[in-house]
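Text of start_9.cif (mmCIF, C-alpha atoms) as supplied:
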data_model
loop_
_atom_site.label_atom_id
_atom_site.label_comp_id
_atom_site.auth_asym_id
_atom_site.auth_seq_id
_atom_site.Cartn_x
_atom_site.Cartn_y
_atom_site.Cartn_z
CA MET A 13 0.00 0.00 0.00
CA ARG A 14 1.90 3.01 -1.27
CA HIS A 15 -0.69 5.78 -0.81
CA LEU A 16 -4.34 5.80 0.27
CA ILE A 17 -6.29 8.17 -1.96
CA ASP A 18 -9.58 6.41 -2.69
CA PRO A 19 -11.22 3.86 -0.37
CA MET A 20 -11.53 1.53 -3.35
CA ASP A 21 -7.71 1.52 -3.68
CA LEU A 22 -7.81 -1.09 -0.93
CA SER A 23 -8.52 -4.73 -1.67
CA VAL A 24 -10.87 -6.65 0.61
CA GLU A 25 -7.79 -8.48 1.94
CA GLU A 26 -6.07 -5.20 2.79
CA ILE A 27 -9.19 -3.93 4.55
CA ASP A 28 -9.46 -7.19 6.49
CA HIS A 29 -5.80 -6.85 7.50
CA LEU A 30 -6.33 -3.27 8.74
CA ILE A 31 -9.47 -4.24 10.66
CA GLU A 32 -7.70 -7.20 12.23
CA LEU A 33 -4.70 -5.09 13.21
CA ALA A 34 -6.97 -2.36 14.64
CA GLY A 35 -8.71 -5.07 16.68
CA LYS A 36 -5.35 -6.21 18.09
CA ILE A 37 -4.45 -2.62 18.99
CA ILE A 38 -7.81 -2.18 20.77
CA ASP A 39 -7.18 -5.36 22.76
CA HIS A 40 -3.54 -4.62 23.66
CA PRO A 41 -2.70 -0.94 23.10
CA GLU A 42 0.39 -1.23 25.32
CA LYS A 43 2.12 -3.44 22.74
CA TYR A 44 1.99 -0.64 20.16
CA ARG A 45 3.11 2.35 22.24
CA GLU A 46 6.59 2.56 20.78
CA VAL A 47 6.25 1.10 17.28
CA CYS A 48 6.49 4.50 15.53
CA ARG A 49 9.20 5.98 17.74
CA TYR A 50 11.28 8.56 15.80
CA LYS A 51 8.72 8.60 12.96
CA LYS A 52 6.93 11.81 12.01
CA LEU A 53 3.43 12.31 10.66
CA ALA A 54 2.70 15.60 8.88
CA THR A 55 -0.94 16.65 9.02
CA LEU A 56 -1.48 19.09 6.14
CA PHE A 57 -4.98 20.45 6.62
CA PHE A 58 -5.76 23.10 4.02
CA GLU A 59 -9.26 23.36 5.47
CA PRO A 60 -10.29 22.95 9.09
CA SER A 61 -11.39 19.56 10.37
CA THR A 62 -10.75 19.27 14.05
CA ARG A 63 -11.90 15.70 14.48
CA THR A 64 -10.03 14.09 11.62
CA ARG A 65 -6.82 16.01 12.31
CA LEU A 66 -6.87 15.25 16.03
CA SER A 67 -7.67 11.62 15.29
CA PHE A 68 -4.60 11.31 13.06
CA GLU A 69 -2.44 13.13 15.57
CA ALA A 70 -3.70 11.08 18.52
CA ALA A 71 -3.17 7.90 16.49
CA MET A 72 0.46 8.79 15.76
CA MET A 73 1.11 9.85 19.37
CA GLU A 74 -0.32 6.57 20.69
CA LEU A 75 2.13 4.75 18.43
CA GLY A 76 5.00 6.71 19.99
CA GLY A 77 5.55 8.93 16.94
CA ASN A 78 5.62 12.69 16.49
CA VAL A 79 3.39 15.06 14.56
CA LEU A 80 3.85 18.35 12.75
CA GLY A 81 1.70 20.32 10.34
CA PHE A 82 -0.89 23.02 9.97
CA SER A 83 -4.62 23.22 10.43
CA SER A 84 -5.74 25.74 7.81
CA ALA A 85 -4.56 27.05 4.47
CA ASP A 86 -4.07 30.50 6.04
CA SER A 87 -1.25 29.17 8.18
CA SER A 88 0.46 27.37 5.30
CA SER A 89 2.43 28.52 2.29
CA ALA A 90 -0.71 27.91 0.20
CA ALA A 91 -1.74 31.39 1.39
CA LYS A 92 1.27 32.70 -0.56
CA GLY A 93 0.12 30.83 -3.63
CA GLU A 94 2.30 27.71 -3.37
CA SER A 95 1.07 24.70 -5.33
CA VAL A 96 0.05 21.44 -3.67
CA ALA A 97 2.90 19.69 -5.49
CA ASP A 98 5.53 22.06 -4.05
CA THR A 99 4.10 21.94 -0.52
CA ALA A 100 4.09 18.13 -0.60
CA ARG A 101 7.69 17.97 -1.89
CA ALA A 102 8.89 20.33 0.83
CA VAL A 103 7.05 18.53 3.63
CA ALA A 104 8.32 15.14 2.42
CA CYS A 105 11.79 16.36 3.47
CA TYR A 106 10.60 16.65 7.08
CA ALA A 107 8.13 13.82 7.60
CA ASP A 108 7.80 10.06 7.08
CA ILE A 109 4.10 10.08 6.19
CA ILE A 110 1.53 12.74 5.27
CA ALA A 111 -2.19 13.00 6.02
CA MET A 112 -3.70 15.67 3.78
CA ARG A 113 -7.08 17.38 3.76
CA HIS A 114 -7.80 19.84 1.00
CA PRO A 115 -10.98 21.57 -0.20
CA LYS A 116 -10.17 20.76 -3.84
CA GLU A 117 -10.99 17.31 -5.17
CA GLY A 118 -7.95 15.31 -6.22
CA ALA A 119 -5.39 17.38 -4.27
CA PRO A 120 -3.95 14.39 -2.34
CA LEU A 121 -3.61 12.49 -5.63
CA VAL A 122 -1.56 15.38 -7.02
CA ALA A 123 0.64 15.32 -3.90
CA SER A 124 1.16 11.55 -4.22
CA GLN A 125 2.62 12.03 -7.70
CA TYR A 126 5.50 14.10 -6.38
CA VAL A 127 6.70 12.41 -3.18
CA ASP A 128 8.26 9.12 -2.11
CA ILE A 129 6.59 8.99 1.29
CA PRO A 130 3.04 7.65 1.80
CA ILE A 131 0.15 10.10 1.42
CA ILE A 132 -3.17 9.49 3.15
CA ASN A 133 -6.16 11.36 1.82
CA ALA A 134 -7.83 12.84 4.91
CA GLY A 135 -10.70 14.23 2.80
CA ASP A 136 -10.63 16.07 -0.53
CA GLY A 137 -13.68 18.31 -0.79
CA GLY A 138 -16.83 16.32 -1.44
CA HIS A 139 -14.87 13.57 -3.15
CA ASN A 140 -13.16 10.89 -1.02
CA HIS A 141 -12.51 10.36 2.67
CA PRO A 142 -11.07 6.84 2.88
CA THR A 143 -10.20 6.82 6.58
CA GLN A 144 -13.83 7.62 7.41
CA THR A 145 -14.86 4.60 5.35
CA LEU A 146 -12.33 2.45 7.19
CA THR A 147 -13.63 3.83 10.49
CA ASP A 148 -17.19 2.90 9.51
CA LEU A 149 -16.14 -0.61 8.48
CA LEU A 150 -14.23 -1.16 11.74
CA THR A 151 -17.25 0.10 13.72
CA ILE A 152 -19.59 -2.31 11.92
CA LYS A 153 -17.16 -5.20 12.42
CA GLN A 154 -16.65 -4.44 16.10
CA GLU A 155 -20.33 -3.84 16.84
CA LYS A 156 -21.94 -6.52 14.67
CA GLY A 157 -19.09 -9.04 14.44
CA ARG A 158 -19.26 -9.21 10.63
CA LEU A 159 -19.28 -7.15 7.45
CA ASP A 160 -21.74 -9.29 5.51
CA HIS A 161 -25.42 -10.28 5.69
CA LEU A 162 -26.63 -7.06 7.30
CA THR A 163 -29.55 -4.72 6.65
CA ILE A 164 -28.21 -1.18 6.62
CA GLY A 165 -30.28 1.98 6.44
CA PHE A 166 -28.58 5.12 5.14
CA CYS A 167 -30.49 8.19 6.22
CA GLY A 168 -30.44 11.90 5.38
CA ASP A 169 -28.28 13.55 2.75
CA LEU A 170 -27.49 10.67 0.42
CA LYS A 171 -26.86 12.93 -2.55
CA PHE A 172 -23.91 14.97 -1.32
CA GLY A 173 -22.79 12.70 1.55
CA ARG A 174 -19.44 11.33 0.41
CA THR A 175 -19.20 9.10 3.51
CA VAL A 176 -22.37 7.33 2.39
CA HIS A 177 -21.15 6.91 -1.20
CA SER A 178 -17.80 5.50 -0.09
CA LEU A 179 -19.33 3.13 2.45
CA ILE A 180 -21.89 1.84 -0.07
CA LYS A 181 -19.07 1.15 -2.55
CA ALA A 182 -16.91 -0.53 0.09
CA LEU A 183 -19.77 -2.71 1.38
CA SER A 184 -20.79 -3.72 -2.13
CA ARG A 185 -17.83 -6.12 -2.07
CA TYR A 186 -19.32 -8.06 0.85
CA GLU A 187 -22.15 -10.57 0.45
CA GLY A 188 -25.73 -10.28 1.56
CA ILE A 189 -25.92 -6.57 2.36
CA ASN A 190 -29.47 -5.26 2.16
CA TYR A 191 -29.44 -1.51 1.46
CA ILE A 192 -32.32 0.73 2.54
CA LEU A 193 -31.90 4.32 1.41
CA ILE A 194 -33.91 6.79 3.46
CA SER A 195 -34.00 10.35 2.13
CA PRO A 196 -36.18 13.04 0.62
CA GLU A 197 -36.38 12.87 -3.14
CA GLU A 198 -34.05 15.88 -3.49
CA LEU A 199 -31.29 14.14 -1.56
CA GLN A 200 -31.41 10.61 -3.03
CA ILE A 201 -28.14 8.90 -3.93
CA PRO A 202 -26.77 9.90 -7.36
CA GLU A 203 -27.79 7.92 -10.44
CA TYR A 204 -24.21 6.90 -11.19
CA LEU A 205 -24.03 4.99 -7.89
CA LYS A 206 -27.24 3.17 -8.64
CA LYS A 207 -25.97 2.21 -12.09
CA GLU A 208 -22.29 1.59 -11.38
CA VAL A 209 -22.63 -0.14 -8.01
CA PHE A 210 -26.11 -1.59 -7.52
CA GLU A 211 -27.16 -2.42 -11.08
CA LYS A 212 -23.71 -3.53 -12.25
CA LYS A 213 -23.35 -5.94 -9.34
CA GLY A 214 -27.01 -7.01 -9.32
CA ILE A 215 -27.53 -5.66 -5.80
CA THR A 216 -31.10 -4.88 -4.76
CA TYR A 217 -31.94 -1.80 -2.74
CA GLN A 218 -34.98 0.04 -1.46
CA GLU A 219 -35.58 3.78 -1.48
CA VAL A 220 -37.98 5.12 1.12
CA GLU A 221 -38.89 8.56 2.38
CA ARG A 222 -39.63 7.82 6.03
CA MET A 223 -37.35 6.01 8.47
CA GLU A 224 -40.26 4.78 10.64
CA GLU A 225 -41.39 2.49 7.79
CA VAL A 226 -38.20 0.47 7.83
CA MET A 227 -36.86 0.87 11.36
CA PRO A 228 -37.80 -2.67 12.56
CA GLU A 229 -35.77 -4.26 9.74
CA LEU A 230 -32.48 -2.46 10.36
CA ASP A 231 -29.32 -3.92 11.88
CA ILE A 232 -27.54 -0.59 11.36
CA ILE A 233 -28.74 2.93 10.72
CA TYR A 234 -26.15 5.30 9.28
CA MET A 235 -27.29 8.88 9.92
CA THR A 236 -25.85 11.85 8.05
CA ARG A 237 -25.85 15.59 8.42
CA VAL A 238 -27.27 17.82 5.77
CA GLN A 239 -24.11 19.88 5.21
CA ARG A 240 -24.39 23.57 4.53
CA GLU A 241 -21.12 23.67 2.54
CA ARG A 242 -22.36 21.12 0.00
CA PHE A 243 -25.21 23.38 -1.10
CA PHE A 244 -24.89 26.18 -3.61
CA ASN A 245 -28.14 27.66 -2.41
CA GLU A 246 -28.89 28.68 1.20
CA ALA A 247 -32.66 28.37 0.72
CA ASP A 248 -32.37 24.69 -0.27
CA TYR A 249 -30.21 24.01 2.77
CA ILE A 250 -32.67 25.60 5.19
CA ARG A 251 -35.61 23.79 3.60
CA LEU A 252 -34.04 20.34 3.81
CA LYS A 253 -31.74 20.36 6.86
CA ASP A 254 -34.34 19.21 9.37
CA SER A 255 -35.93 16.58 7.15
CA TYR A 256 -34.64 13.55 8.99
CA ILE A 257 -34.17 13.57 12.72
CA LEU A 258 -33.68 10.39 14.79
CA ASP A 259 -35.25 10.53 18.25
CA MET A 260 -36.33 8.07 20.95
CA ASP A 261 -39.83 7.90 19.52
CA LYS A 262 -38.58 6.67 16.16
CA LEU A 263 -36.40 4.09 17.93
CA LYS A 264 -39.40 2.44 19.62
CA ASN A 265 -39.79 -0.15 16.89
CA ALA A 266 -36.09 -0.66 16.25
CA LYS A 267 -34.20 -3.87 17.00
CA GLU A 268 -32.61 -4.12 20.43
CA ASP A 269 -29.20 -4.63 18.89
CA LEU A 270 -29.49 -1.88 16.28
CA ALA A 271 -26.24 0.07 15.84
CA ILE A 272 -26.65 3.80 15.24
CA LEU A 273 -23.72 5.26 13.31
CA HIS A 274 -22.95 8.84 12.31
CA PRO A 275 -19.71 10.21 10.83
CA LEU A 276 -20.12 13.37 13.02
CA PRO A 277 -20.25 16.26 13.55
CA ARG A 278 -23.94 16.09 14.39
CA VAL A 279 -26.11 19.16 14.23
CA ASN A 280 -29.60 18.08 15.22
CA GLU A 281 -30.25 14.97 13.13
CA ILE A 282 -29.90 12.74 16.19
CA SER A 283 -31.62 13.91 19.36
CA VAL A 284 -29.19 14.18 22.31
CA LYS A 285 -31.58 11.93 24.24
CA VAL A 286 -30.47 9.07 21.99
CA ASP A 287 -26.87 9.47 23.22
CA ASP A 288 -27.53 7.44 26.38
CA ASP A 289 -29.23 4.61 24.51
CA PRO A 290 -26.94 1.57 24.27
CA ARG A 291 -27.64 1.43 20.53
CA ALA A 292 -25.88 4.78 19.98
CA CYS A 293 -22.45 3.93 18.56
CA TYR A 294 -21.35 7.26 17.12
CA PHE A 295 -18.97 8.22 19.90
CA LYS A 296 -17.50 4.72 19.92
CA GLN A 297 -17.11 5.25 16.17
CA VAL A 298 -14.84 8.24 16.88
CA ASN A 299 -12.67 6.04 19.05
CA TYR A 300 -12.56 3.31 16.39
CA GLY A 301 -11.44 6.03 13.95
CA LYS A 302 -8.29 6.54 15.97
CA TYR A 303 -7.54 2.80 16.08
CA ILE A 304 -8.03 2.24 12.37
CA ARG A 305 -5.74 5.22 11.67
CA MET A 306 -3.13 3.65 13.97
CA ALA A 307 -3.39 0.42 11.97
CA LEU A 308 -3.16 2.37 8.71
CA ILE A 309 -0.12 4.42 9.75
CA MET A 310 1.66 1.26 10.92
CA THR A 311 0.86 -0.58 7.71
CA MET A 312 1.87 2.28 5.43
CA LEU A 313 5.12 2.83 7.32
CA GLY A 314 5.78 -0.92 7.31
CA VAL A 315 6.23 -1.12 11.09
CA LYS A 316 5.09 -4.01 13.27
CA ALA A 317 4.80 -4.83 16.94
CA ASP A 318 6.91 -7.81 18.02
CA GLU A 319 3.89 -10.13 18.21
CA ASP A 320 2.35 -9.18 14.81
CA MET B 6 -17.33 19.72 -56.89
CA LYS B 7 -13.82 18.47 -57.48
CA ILE B 8 -11.14 18.21 -54.86
CA ASP B 9 -7.70 17.37 -56.25
CA SER B 10 -6.07 14.28 -54.83
CA ILE B 11 -3.09 15.04 -52.66
CA LYS B 12 0.51 14.03 -53.30
CA ASN B 13 2.03 14.07 -49.84
CA GLY B 14 -0.24 14.43 -46.88
CA ILE B 15 -2.97 12.87 -44.79
CA VAL B 16 -6.57 11.90 -45.42
CA LEU B 17 -8.95 11.44 -42.51
CA ASP B 18 -11.69 9.20 -43.86
CA HIS B 19 -14.90 7.75 -42.42
CA ILE B 20 -15.55 10.73 -40.17
CA THR B 21 -19.07 10.54 -38.79
CA ALA B 22 -21.08 13.08 -40.79
CA GLY B 23 -21.08 16.41 -38.98
CA ARG B 24 -17.97 15.85 -36.86
CA SER B 25 -15.35 17.14 -39.31
CA MET B 26 -15.40 20.72 -38.04
CA ALA B 27 -14.81 19.60 -34.45
CA ILE B 28 -11.84 17.51 -35.61
CA TYR B 29 -10.55 20.41 -37.75
CA LYS B 30 -10.68 22.74 -34.78
CA ASN B 31 -9.29 20.36 -32.15
CA LEU B 32 -6.38 19.20 -34.32
CA GLY B 33 -5.45 22.84 -34.90
CA LEU B 34 -5.74 22.46 -38.69
CA ASP B 35 -6.79 26.10 -38.93
CA LYS B 36 -3.21 27.02 -38.10
CA LEU B 37 -1.69 25.16 -41.07
CA ASP B 38 -0.41 27.01 -44.15
CA CYS B 39 -1.11 24.16 -46.57
CA SER B 40 -4.40 23.36 -48.29
CA VAL B 41 -6.93 21.63 -46.09
CA ALA B 42 -10.16 20.35 -47.61
CA ILE B 43 -13.18 19.51 -45.49
CA ILE B 44 -15.68 17.49 -47.47
CA LYS B 45 -19.00 17.06 -45.76
CA ASN B 46 -21.85 14.60 -46.28
CA VAL B 47 -20.07 12.38 -48.80
CA LYS B 48 -22.16 9.35 -49.80
CA SER B 49 -20.87 6.19 -48.18
CA GLU B 50 -22.03 2.60 -48.63
CA LYS B 51 -21.10 1.67 -45.07
CA MET B 52 -22.04 4.84 -43.25
CA GLY B 53 -24.73 6.38 -45.44
CA LYS B 54 -23.05 9.78 -45.10
CA LYS B 55 -19.55 10.63 -43.96
CA ASP B 56 -17.12 13.55 -43.78
CA ILE B 57 -13.55 13.55 -45.10
CA ILE B 58 -10.62 15.86 -44.32
CA LYS B 59 -7.65 16.11 -46.71
CA ILE B 60 -4.45 17.78 -45.52
CA ASP B 61 -2.00 18.58 -48.29
CA ASP B 62 1.17 18.26 -46.22
CA GLN B 63 2.91 15.85 -43.87
CA PHE B 64 1.60 16.60 -40.41
CA THR B 65 1.76 14.74 -37.11
CA VAL B 66 -1.84 14.12 -36.14
CA ASN B 67 -2.76 13.58 -32.53
CA LEU B 68 -4.54 10.24 -32.80
CA ASP B 69 -5.89 10.54 -29.27
CA VAL B 70 -7.77 13.68 -30.23
CA ILE B 71 -9.34 11.94 -33.22
CA GLY B 72 -10.05 8.76 -31.27
CA TYR B 73 -11.79 10.74 -28.56
CA LEU B 74 -13.84 12.87 -30.96
CA ASP B 75 -14.70 10.09 -33.40
CA PRO B 76 -13.37 6.54 -33.02
CA ASN B 77 -14.70 5.58 -36.50
CA VAL B 78 -12.05 7.57 -38.36
CA THR B 79 -9.50 5.97 -40.70
CA VAL B 80 -6.18 7.80 -41.08
CA CYS B 81 -4.42 7.42 -44.46
CA ILE B 82 -0.86 8.62 -44.96
CA ILE B 83 -0.18 9.61 -48.56
CA GLU B 84 3.29 9.71 -50.14
CA ASP B 85 3.88 10.34 -53.85
CA GLY B 86 0.15 10.13 -54.43
CA LYS B 87 -0.16 6.65 -52.90
CA ILE B 88 -1.52 5.42 -49.60
CA VAL B 89 1.53 4.12 -47.71
CA LYS B 90 -0.10 3.61 -44.34
CA LYS B 91 -3.69 3.21 -43.27
CA TYR B 92 -4.98 2.69 -39.77
CA LYS B 93 -8.14 2.97 -37.74
CA VAL B 94 -8.01 5.10 -34.64
CA GLU B 95 -9.10 3.73 -31.29
CA LEU B 96 -10.70 5.16 -28.23
CA PRO B 97 -7.65 6.24 -26.18
CA GLU B 98 -7.29 4.93 -22.61
CA THR B 99 -6.29 8.39 -21.39
CA LEU B 100 -6.63 11.91 -22.73
CA VAL B 101 -3.85 14.28 -21.77
CA ASN B 102 -4.38 18.01 -22.23
CA ILE B 103 -7.08 17.47 -24.83
CA ALA B 104 -9.98 18.68 -22.70
CA LYS B 105 -10.23 20.70 -19.50
CA CYS B 106 -12.05 19.62 -16.33
CA LYS B 107 -15.00 21.94 -15.78
CA ASN B 108 -15.56 21.04 -12.11
CA PRO B 109 -14.75 24.21 -10.14
CA ARG B 110 -14.00 22.04 -7.09
CA CYS B 111 -11.30 20.06 -8.94
CA ILE B 112 -7.64 20.62 -8.01
CA THR B 113 -6.89 21.19 -11.72
CA SER B 114 -8.78 24.50 -11.42
CA ILE B 115 -6.00 25.97 -9.25
CA GLU B 116 -2.84 23.83 -9.46
CA GLN B 117 -0.07 25.41 -11.58
CA GLU B 118 0.62 23.83 -14.97
CA ILE B 119 -1.01 20.53 -14.07
CA ASP B 120 -1.79 18.16 -16.94
CA GLN B 121 -5.50 17.74 -17.58
CA VAL B 122 -5.92 13.98 -17.59
CA PHE B 123 -9.09 12.04 -18.33
CA VAL B 124 -9.34 8.27 -18.02
CA LEU B 125 -11.65 6.02 -20.07
CA THR B 126 -13.94 4.43 -17.47
CA ASP B 127 -16.69 3.03 -19.69
CA LYS B 128 -15.57 1.91 -23.15
CA GLU B 129 -19.05 0.92 -24.28
CA ASN B 130 -20.54 4.35 -23.61
CA HIS B 131 -17.32 6.34 -24.31
CA VAL B 132 -17.25 7.76 -20.78
CA TYR B 133 -14.13 9.61 -19.65
CA ARG B 134 -13.64 10.85 -16.10
CA CYS B 135 -11.16 13.36 -14.69
CA LYS B 136 -8.25 11.50 -13.09
CA TYR B 137 -8.39 13.84 -10.08
CA CYS B 138 -12.05 14.51 -9.26
CA GLU B 139 -13.73 11.77 -11.37
CA SER B 140 -16.12 14.27 -12.98
CA LYS B 141 -17.54 13.02 -16.25
CA LEU B 142 -16.13 14.69 -19.36
CA LYS B 143 -18.83 16.17 -21.55
CA LYS B 144 -18.02 16.49 -25.24
#
How does the structure come out when it is put into structure tokens?
Amino acid sequence: MRHLIDPMDLSVEEIDHLIELAGKIIDHPEKYREVCRYKKLATLFFEPSTRTRLSFEAAMMELGGNVLGFSSADSSSAAKGESVADTARAVACYADIIAMRHPKEGAPLVASQYVDIPIINAGDGGHNHPTQTLTDLLTIKQEKGRLDHLTIGFCGDLKFGRTVHSLIKALSRYEGINYILISPEELQIPEYLKKEVFEKKGITYQEVERMEEVMPELDIIYMTRVQRERFFNEADYIRLKDSYILDMDKLKNAKEDLAILHPLPRVNEISVKVDDDPRACYFKQVNYGKYIRMALIMTMLGVKADED
Amino acid sequence: MKIDSIKNGIVLDHITAGRSMAIYKNLGLDKLDCSVAIIKNVKSEKMGKKDIIKIDDQFTVNLDVIGYLDPNVTVCIIEDGKIVKKYKVELPETLVNIAKCKNPRCITSIEQEIDQVFVLTDKENHVYRCKYCESKLKK
């Protein structure tokens, strides 16, 4: 694994390896505390993303490594007009691995063409966010014990939500996944996903407008935020943002072992009252995000704990 | 109408009727000093109607441009009034600096001197996508 740009760059075997390694780290974190000693991770965040950046930094620190970087384009040489290629080449002289977030789609791919150290795409605009997909897969594996034969409801903004698109693509390689897509008509998943993923692979799916209709069937519900920055038009955002809110009332008919996932940050699409319900997994998901990033950094740097 | 046959040059045959002007423009044939003939709506047994372009000079044609615009085209190289080479173009796997990505969110909209690269993702439907942002290229 040279770079991680697109979640589909990873084979099922590579994903299984990362999930297995993350599981070992969760079970015995003490064995991994020094594996990245003297290694440096550069977090190049050309747009703010507190959670993802801190997750990468915490992951590297828990592996005994060091971190350097910046958290907005204003505090980088991009503000002076430097290209992504030049920034990446300069930073590659200081660090062993780079995690990059950029508002422009394809920026981490550009960086990967100019450096010899691994580049991890930490989100490129509305395009890819592979470590979120890995986080979601690890969460499902840890909470449900498997990645196949599950009924998963995706709810909210399925049109612009890149986390949903990536997870659907990643899960399409596992057997027996039943997809239920819950959204208003305006925010349904794009046609290309229906054609290139579902129809091409002969996968059946249901599209519904109300989550109550399907709640009893679900093993997992993946909630998403209607993101202001993905809309060109403020009026559309205001009209649709409150369309789909999960509360205790809607959970009445849900399975007892339902897992509620959300890539966070949440605005109001999950009531805070749900937070104390044992089915709420979204804060655990944050924690799993750190562990999968630890597994990814280790794998990309080619380091191992003695027992691995 | 009579168009003289050329002695040394190139003939682009079997152009889908109506596409010759796009090929003329994209190959930069308007910048040539030599004679260039565009013959439109020629009767064809195979195609019904076709266009032909004759270039009265040796000229390096960008086959990727032709393949992308019209994969039906046959390129004939003429020397001393005879066809010395004849080949069919193919849909190229990648297009480099032939078209520009129109997605304002794509890195190619701001990165200095970056090549504009499109990759053939669906051969059957001639779909190309930007290497960087995966936006579909519209002809």
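Of the residues under consideration (A:Tyr191, A:Tyr186, A:Tyr300, A:Phe166), A:Phe166 shows the shortest atom-to-atom contact distance to A:Arg237 when counting only C-alpha atoms.
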Inset, instruction - Return the neighbours of chain B among the residues of chain A, cut-off 7 Å, counting only C-alpha atoms, as a PyMOL selection string. - result: chain A and resi 95-96+116-119+121+139
Inset, instruction - Can you work out the spacing between atom CA of A:Leu199 and atom CA of A:Phe172 in Å, to one decimal? - result: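 Atom-to-atom, atom CA of A:Leu199 and atom CA of A:Phe172 are spaced 7.4 Å apart.
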Axis-aligned box for all listed atoms of stretch 37-46 of chain A, 5 Å per side, centre and edges in Å to one decimal, as AutoDock Vina command-line options:
--center_x -0.6 --center_y -1.4 --center_z 22.2 --size_x 24.4 --size_y 17.9 --size_z 16.3
Inset, instruction - Take atom CA of B:Leu100 and atom CA of B:Leu142 and report the distance between them in Å, one decimal. - result: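 Separation of atom CA of B:Leu100 and atom CA of B:Leu142: 10.5 Å.
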Legend entry - Contacts of A:Ile164 at 6 Å (all atoms listed in the file; same-chain gap of 5+ positions) as a list in words: Tyr191, Leu230, Ile232 and Ile233 of chain A
Report as a compact mmCIF listing (two decimals) with C-alpha atoms, keeping the file's coordinate frame the residues that result from applying the PyMOL selection byres ((chain B and resi 41-53) around 9) to the structure here.
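As written to disk, selection-v3.txt reads:
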# COMPACT_ATOMS: atom_id res chain seq x y z
CA ILE B 8 -11.14 18.21 -54.86
CA HIS B 19 -14.90 7.75 -42.42
CA THR B 21 -19.07 10.54 -38.79
CA ALA B 22 -21.08 13.08 -40.79
CA GLY B 23 -21.08 16.41 -38.98
CA SER B 25 -15.35 17.14 -39.31
CA MET B 26 -15.40 20.72 -38.04
CA TYR B 29 -10.55 20.41 -37.75
CA LEU B 34 -5.74 22.46 -38.69
CA ASP B 35 -6.79 26.10 -38.93
CA LEU B 37 -1.69 25.16 -41.07
CA ASP B 38 -0.41 27.01 -44.15
CA CYS B 39 -1.11 24.16 -46.57
CA SER B 40 -4.40 23.36 -48.29
CA LYS B 54 -23.05 9.78 -45.10
CA LYS B 55 -19.55 10.63 -43.96
CA ASP B 56 -17.12 13.55 -43.78
CA ILE B 57 -13.55 13.55 -45.10
CA ILE B 58 -10.62 15.86 -44.32
CA LYS B 59 -7.65 16.11 -46.71
CA ILE B 60 -4.45 17.78 -45.52
CA ASP B 61 -2.00 18.58 -48.29
CA ASP B 62 1.17 18.26 -46.22
Legend entry - Reference answer for the PyMOL selection byres ((chain A and resi 317) around 10), as number ranges by chain: A: 37, 43-48, 310, 315-316, 318-320
Inset, instruction - Go ahead and compute the interatomic distance for atom CA of A:Gly81 and atom CA of A:Ile17, in Å to one decimal. - result: 19.0 Å
Inset, instruction - Please write as a ChimeraX atom specification the full residue list that the PyMOL selection byres ((chain A and resi 208-217) around 7) yields on this file. - result: /A:181,190-192,204-207,218-219
Output C-alpha atoms for every residue in that selection, as a PDB file, in the frame of the given file.
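So the final result, stored in selection_4.pdb, reads:
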ATOM      1  CA  LYS A 181     -19.070   1.150  -2.550  1.00  0.00           C
ATOM      2  CA  ASN A 190     -29.470  -5.260   2.160  1.00  0.00           C
ATOM      3  CA  TYR A 191     -29.440  -1.510   1.460  1.00  0.00           C
ATOM      4  CA  ILE A 192     -32.320   0.730   2.540  1.00  0.00           C
ATOM      5  CA  TYR A 204     -24.210   6.900 -11.190  1.00  0.00           C
ATOM      6  CA  LEU A 205     -24.030   4.990  -7.890  1.00  0.00           C
ATOM      7  CA  LYS A 206     -27.240   3.170  -8.640  1.00  0.00           C
ATOM      8  CA  LYS A 207     -25.970   2.210 -12.090  1.00  0.00           C
ATOM      9  CA  GLN A 218     -34.980   0.040  -1.460  1.00  0.00           C
ATOM     10  CA  GLU A 219     -35.580   3.780  -1.480  1.00  0.00           C
TER      11      GLU A 219
END
